[in-house]
Structure formats: C-alpha cells, structure tokens
$ cat model30.pdb   # PDB, C-alpha atoms, pLDDT in the B column
ATOM      1  CA  MET A 118       0.000   0.000   0.000  1.00 40.00           C
ATOM      2  CA  ALA A 119       1.272   3.460  -0.839  1.00 43.00           C
ATOM      3  CA  ARG A 120       2.200   5.793   1.987  1.00 41.00           C
ATOM      4  CA  ARG A 121      -0.371   8.371   2.925  1.00 43.00           C
ATOM      5  CA  PRO A 122       0.558  12.052   2.848  1.00 44.00           C
ATOM      6  CA  ALA A 123       1.641  13.448   6.214  1.00 45.00           C
ATOM      7  CA  GLY A 124      -1.233  14.877   8.206  1.00 55.00           C
ATOM      8  CA  LYS A 125      -3.911  12.759   6.519  1.00 67.00           C
ATOM      9  CA  GLN A 126      -3.631   9.756   8.817  1.00 68.00           C
ATOM     10  CA  TYR A 127      -5.696  11.308  11.616  1.00 82.00           C
ATOM     11  CA  ARG A 128      -8.126  13.467   9.636  1.00 87.00           C
ATOM     12  CA  HIS A 129     -11.167  11.469  10.845  1.00 90.00           C
ATOM     13  CA  LEU A 130      -9.978  11.121  14.437  1.00 93.00           C
ATOM     14  CA  PRO A 131     -12.299  13.894  15.708  1.00 95.00           C
ATOM     15  CA  ALA A 132     -15.292  12.052  14.226  1.00 96.00           C
ATOM     16  CA  PHE A 133     -14.357   8.804  15.957  1.00 94.00           C
ATOM     17  CA  LEU A 134     -13.685  10.505  19.296  1.00 96.00           C
ATOM     18  CA  LEU A 135     -17.028  12.327  19.175  1.00 97.00           C
ATOM     19  CA  LEU A 136     -18.800   9.087  18.249  1.00 96.00           C
ATOM     20  CA  LEU A 137     -17.195   7.229  21.145  1.00 96.00           C
ATOM     21  CA  LEU A 138     -18.084  10.008  23.587  1.00 97.00           C
ATOM     22  CA  ALA A 139     -21.679   9.990  22.320  1.00 96.00           C
ATOM     23  CA  GLU A 140     -21.776   6.240  23.037  1.00 95.00           C
ATOM     24  CA  GLU A 141     -19.930   6.298  26.368  1.00 91.00           C
ATOM     25  CA  SER A 142     -21.340   9.576  27.795  1.00 87.00           C
ATOM     26  CA  GLU A 143     -17.912  10.277  29.335  1.00 92.00           C
ATOM     27  CA  ALA A 144     -14.486   8.712  29.253  1.00 95.00           C
ATOM     28  CA  TYR A 145     -10.862   9.513  29.956  1.00 93.00           C
ATOM     29  CA  GLY A 146      -8.305   9.675  27.145  1.00 92.00           C
ATOM     30  CA  GLY A 147      -6.764   6.264  27.834  1.00 91.00           C
ATOM     31  CA  ARG A 148     -10.173   4.587  27.624  1.00 93.00           C
ATOM     32  CA  LEU A 149     -10.902   6.372  24.331  1.00 96.00           C
ATOM     33  CA  LEU A 150      -7.566   5.188  22.937  1.00 94.00           C
ATOM     34  CA  GLU A 151      -8.419   1.636  24.008  1.00 93.00           C
ATOM     35  CA  LEU A 152     -11.808   1.824  22.251  1.00 94.00           C
ATOM     36  CA  LEU A 153     -10.244   3.327  19.128  1.00 94.00           C
ATOM     37  CA  ARG A 154      -7.920   0.332  18.818  1.00 91.00           C
ATOM     38  CA  PHE A 155     -11.022  -1.828  18.198  1.00 90.00           C
ATOM     39  CA  LEU A 156     -12.372   0.542  15.539  1.00 89.00           C
ATOM     40  CA  VAL A 157      -9.281   1.457  13.547  1.00 86.00           C
ATOM     41  CA  PRO A 158      -7.629  -1.142  11.293  1.00 84.00           C
ATOM     42  CA  PRO A 159      -4.171  -2.206  12.481  1.00 83.00           C
ATOM     43  CA  GLN A 160      -2.661  -0.862   9.237  1.00 81.00           C
ATOM     44  CA  LEU A 161      -3.337   2.631  10.639  1.00 81.00           C
ATOM     45  CA  PRO A 162      -1.402   2.748  13.904  1.00 81.00           C
ATOM     46  CA  LEU A 163      -2.742   5.049  16.589  1.00 86.00           C
ATOM     47  CA  ASP A 164      -0.586   7.591  18.344  1.00 87.00           C
ATOM     48  CA  SER A 165      -1.699   8.426  21.887  1.00 90.00           C
ATOM     49  CA  GLY A 166      -0.285  11.922  21.441  1.00 92.00           C
ATOM     50  CA  ALA A 167      -2.559  12.470  18.443  1.00 92.00           C
ATOM     51  CA  VAL A 168      -5.580  11.381  20.491  1.00 94.00           C
ATOM     52  CA  TYR A 169      -4.796  13.859  23.268  1.00 94.00           C
ATOM     53  CA  ARG A 170      -4.021  16.674  20.816  1.00 94.00           C
ATOM     54  CA  CYS A 171      -7.335  16.012  19.119  1.00 95.00           C
ATOM     55  CA  LEU A 172      -9.201  16.004  22.453  1.00 96.00           C
ATOM     56  CA  HIS A 173      -7.597  19.349  23.334  1.00 96.00           C
ATOM     57  CA  ASP A 174      -8.598  20.768  19.928  1.00 96.00           C
ATOM     58  CA  LEU A 175     -12.161  19.489  20.363  1.00 97.00           C
ATOM     59  CA  GLU A 176     -12.290  21.080  23.808  1.00 97.00           C
ATOM     60  CA  ALA A 177     -10.893  24.391  22.535  1.00 97.00           C
ATOM     61  CA  ARG A 178     -13.720  24.650  20.018  1.00 95.00           C
ATOM     62  CA  GLY A 179     -16.383  23.583  22.522  1.00 97.00           C
ATOM     63  CA  ALA A 180     -17.170  20.143  21.063  1.00 98.00           C
ATOM     64  CA  VAL A 181     -16.110  18.370  24.261  1.00 98.00           C
ATOM     65  CA  ALA A 182     -15.754  19.421  27.867  1.00 98.00           C
ATOM     66  CA  SER A 183     -13.474  17.882  30.458  1.00 97.00           C
ATOM     67  CA  GLN A 184     -12.980  17.891  34.168  1.00 94.00           C
ATOM     68  CA  PRO A 185     -10.334  16.416  36.453  1.00 91.00           C
ATOM     69  CA  ALA A 186     -11.202  13.091  38.060  1.00 88.00           C
ATOM     70  CA  PRO A 187      -9.332  10.781  40.400  1.00 84.00           C
ATOM     71  CA  GLY A 188      -7.521   8.051  38.549  1.00 75.00           C
ATOM     72  CA  GLU A 189      -5.948   4.733  39.384  1.00 76.00           C
ATOM     73  CA  ARG A 190      -3.181   4.815  41.974  1.00 77.00           C
ATOM     74  CA  GLY A 191      -4.020   8.421  42.826  1.00 74.00           C
ATOM     75  CA  MET A 192      -2.954   9.798  39.437  1.00 78.00           C
ATOM     76  CA  PRO A 193      -5.478  12.425  38.306  1.00 83.00           C
ATOM     77  CA  ARG A 194      -6.913  12.200  34.818  1.00 89.00           C
ATOM     78  CA  ARG A 195      -9.354  14.177  32.711  1.00 93.00           C
ATOM     79  CA  MET A 196     -12.829  12.875  31.990  1.00 95.00           C
ATOM     80  CA  TYR A 197     -14.202  14.029  28.630  1.00 97.00           C
ATOM     81  CA  ARG A 198     -17.831  14.324  27.551  1.00 97.00           C
ATOM     82  CA  ILE A 199     -19.465  15.476  24.346  1.00 98.00           C
ATOM     83  CA  THR A 200     -21.311  18.818  24.361  1.00 97.00           C
ATOM     84  CA  ALA A 201     -24.293  20.014  22.311  1.00 97.00           C
ATOM     85  CA  ALA A 202     -21.828  21.643  19.897  1.00 98.00           C
ATOM     86  CA  GLY A 203     -20.002  18.312  19.686  1.00 97.00           C
ATOM     87  CA  ARG A 204     -23.237  16.515  18.795  1.00 97.00           C
ATOM     88  CA  ARG A 205     -23.801  19.011  15.978  1.00 97.00           C
ATOM     89  CA  GLU A 206     -20.241  18.477  14.779  1.00 97.00           C
ATOM     90  CA  LEU A 207     -20.781  14.711  14.932  1.00 97.00           C
ATOM     91  CA  ALA A 208     -23.855  15.083  12.699  1.00 97.00           C
ATOM     92  CA  ASP A 209     -21.754  17.142  10.262  1.00 97.00           C
ATOM     93  CA  TRP A 210     -19.120  14.389  10.236  1.00 96.00           C
ATOM     94  CA  ARG A 211     -21.818  11.809   9.505  1.00 97.00           C
ATOM     95  CA  GLU A 212     -22.960  13.745   6.451  1.00 97.00           C
ATOM     96  CA  ASP A 213     -19.401  14.351   5.249  1.00 96.00           C
ATOM     97  CA  LEU A 214     -18.511  10.680   5.635  1.00 95.00           C
ATOM     98  CA  ARG A 215     -21.669   9.583   3.801  1.00 97.00           C
ATOM     99  CA  LEU A 216     -20.698  11.760   0.841  1.00 97.00           C
ATOM    100  CA  ARG A 217     -17.120  10.439   0.904  1.00 95.00           C
ATOM    101  CA  ARG A 218     -18.361   6.840   1.105  1.00 96.00           C
ATOM    102  CA  ASP A 219     -20.568   7.388  -1.935  1.00 97.00           C
ATOM    103  CA  LEU A 220     -17.682   8.943  -3.861  1.00 97.00           C
ATOM    104  CA  LEU A 221     -15.315   6.119  -2.910  1.00 96.00           C
ATOM    105  CA  ASN A 222     -17.904   3.515  -3.920  1.00 97.00           C
ATOM    106  CA  ARG A 223     -18.195   5.163  -7.334  1.00 97.00           C
ATOM    107  CA  PHE A 224     -14.426   5.032  -7.722  1.00 97.00           C
ATOM    108  CA  LEU A 225     -14.267   1.365  -6.672  1.00 96.00           C
ATOM    109  CA  ASP A 226     -17.142   0.404  -8.987  1.00 96.00           C
ATOM    110  CA  ARG A 227     -15.470   2.049 -11.982  1.00 95.00           C
ATOM    111  CA  TYR A 228     -12.104   0.576 -11.068  1.00 95.00           C
ATOM    112  CA  ALA A 229     -13.660  -2.907 -10.878  1.00 94.00           C
ATOM    113  CA  ALA A 230     -15.110  -2.393 -14.373  1.00 93.00           C
ATOM    114  CA  LEU A 231     -11.681  -1.783 -15.950  1.00 93.00           C
ATOM    115  CA  PRO A 232     -10.439  -4.513 -18.279  1.00 91.00           C
ATOM    116  CA  LYS A 233      -8.333  -6.918 -16.201  1.00 85.00           C
ATOM    117  CA  GLY A 234      -5.194  -6.656 -18.326  1.00 74.00           C
ATOM    118  CA  GLU A 235      -5.059  -2.862 -18.003  1.00 69.00           C
ATOM    119  CA  VAL A 236      -4.970  -2.611 -14.212  1.00 65.00           C
TER
END
$ encode --input "model30.pdb" --output "structure tokens"
Amino acid sequence: MARRPAGKQYRHLPAFLLLLLAEESEAYGGRLLELLRFLVPPQLPLDSGAVYRCLHDLEARGAVASQPAPGERGMPRRMYRITAAGRRELADWREDLRLRRDLLNRFLDRYAALPKGEV
C-alpha cells in the first residue's frame, strides 16, 4: 500500500472521538484510545499523542468538555464528555462521511469495471 501524505492519517480522528463520547457519555483519554484500537484497522497505527491533541482541539472549540477526576493509583486524569456543539459536529461528520463513502464507492465500482489486463 502506498504511503499516505503526512497529516492525513488522523483526519477522521475527531469524528471517531465524538462518536465514542456519544456512546460512552464520558471517558478519559486512555479509555478512548483503548476503544479506538477496536475501531481502527491495524494498518493505521494510533498515536496516543494524536488522540490527546485532538481532544484538546475538540475542547478548545467547545465540542467536548473535560474535568479532572481521580484516577488509578491516585494519578489524576481528565474525563471528557461530548457537548451540544459536539453533537452538531458529529452530525456534520456523519454527512461528510456519507458523501465520501458514496464517492469512494463510485471510484471502486469504476475501477472494478476496468479490463483486467489494463490494471
């Protein structure tokens, strides 16, 4: 598989984080990373730093809110939850991803129709 351009690997990470928070109601970053590992194919490795950067970006624009919570072994952690603005953003992601899926399906259908010797 060809390498993806830098910066494109995590472009849908906000959508997945918002979806997980909509399902979980609230979660800390480590739990979200754990859940993401079940959703994302192993060919796309996850970077914990990218998850936390994305959570901070989502919080800065009001899509998620966080608060400190006691963690295991006394280590504090942040609990994240989706906000009303985050639910609107999640709906926007759904529409964007539907359009992309349709476009990708058109590409794949046309590619499959190419003569076999020319691919």
$ residues_around --input "model30.pdb" --residues "A:Leu172" --least-positions-apart "2" --cutoff "10 Å" --atoms "all atoms listed in the file" --output "mmCIF file with C-alpha atoms, in the frame of the given file"
data_model
loop_
_atom_site.group_PDB
_atom_site.id
_atom_site.type_symbol
_atom_site.label_atom_id
_atom_site.label_comp_id
_atom_site.auth_asym_id
_atom_site.auth_seq_id
_atom_site.Cartn_x
_atom_site.Cartn_y
_atom_site.Cartn_z
ATOM 1 C CA LEU A 130 -9.978 11.121 14.437
ATOM 2 C CA PRO A 131 -12.299 13.894 15.708
ATOM 3 C CA LEU A 134 -13.685 10.505 19.296
ATOM 4 C CA LEU A 135 -17.028 12.327 19.175
ATOM 5 C CA GLY A 146 -8.305 9.675 27.145
ATOM 6 C CA LEU A 149 -10.902 6.372 24.331
ATOM 7 C CA GLY A 166 -0.285 11.922 21.441
ATOM 8 C CA ALA A 167 -2.559 12.470 18.443
ATOM 9 C CA VAL A 168 -5.580 11.381 20.491
ATOM 10 C CA TYR A 169 -4.796 13.859 23.268
ATOM 11 C CA ARG A 170 -4.021 16.674 20.816
ATOM 12 C CA ASP A 174 -8.598 20.768 19.928
ATOM 13 C CA LEU A 175 -12.161 19.489 20.363
ATOM 14 C CA GLU A 176 -12.290 21.080 23.808
ATOM 15 C CA ALA A 177 -10.893 24.391 22.535
ATOM 16 C CA ALA A 180 -17.170 20.143 21.063
ATOM 17 C CA VAL A 181 -16.110 18.370 24.261
ATOM 18 C CA ALA A 182 -15.754 19.421 27.867
ATOM 19 C CA SER A 183 -13.474 17.882 30.458
ATOM 20 C CA TYR A 197 -14.202 14.029 28.630
#
$ atom_distance --input "model30.pdb" --atom1 "atom CA of A:Leu137" --atom2 "atom CA of A:Glu206"
13.3 Å
$ atom_distance --input "model30.pdb" --atom1 "atom CA of A:Arg198" --atom2 "atom CA of A:Pro185"
11.8 Å
$ resolve_selection --input "model30.pdb" --expression "the PyMOL selection byres ((chain A and resi 144) around 6)" --output "number ranges by chain"
A: 143, 145, 196-197
$ atom_distance --input "model30.pdb" --atom1 "atom CA of A:Ala139" --atom2 "atom CA of A:Glu151"
15.8 Å
$ residues_around --input "model30.pdb" --residues "A:Leu207" --least-positions-apart "4" --cutoff "7 Å" --atoms "only C-alpha atoms" --output "list in words"
Ala132, Leu135, Leu136, Gly203 and Arg211 of chain A
$ closest_residue --input "model30.pdb" --among "A:Arg227, A:Leu150, A:His129, A:Ala201" --to "A:Asp164" --atoms "all atoms listed in the file"
A:Leu150
$ axis_aligned_box --input "model30.pdb" --around "stretch 181-196 of chain A" --padding-each-side "6 Å" --output "lines of an AutoDock Vina configuration file"
center_x = -9.5
center_y = 12.1
center_z = 33.5
size_x = 25.2
size_y = 26.7
size_z = 30.6
$ closest_residue --input "model30.pdb" --among "A:Phe224, A:Trp210, A:Tyr127, A:Phe133" --to "A:Leu161" --atoms "all atoms listed in the file"
A:Tyr127
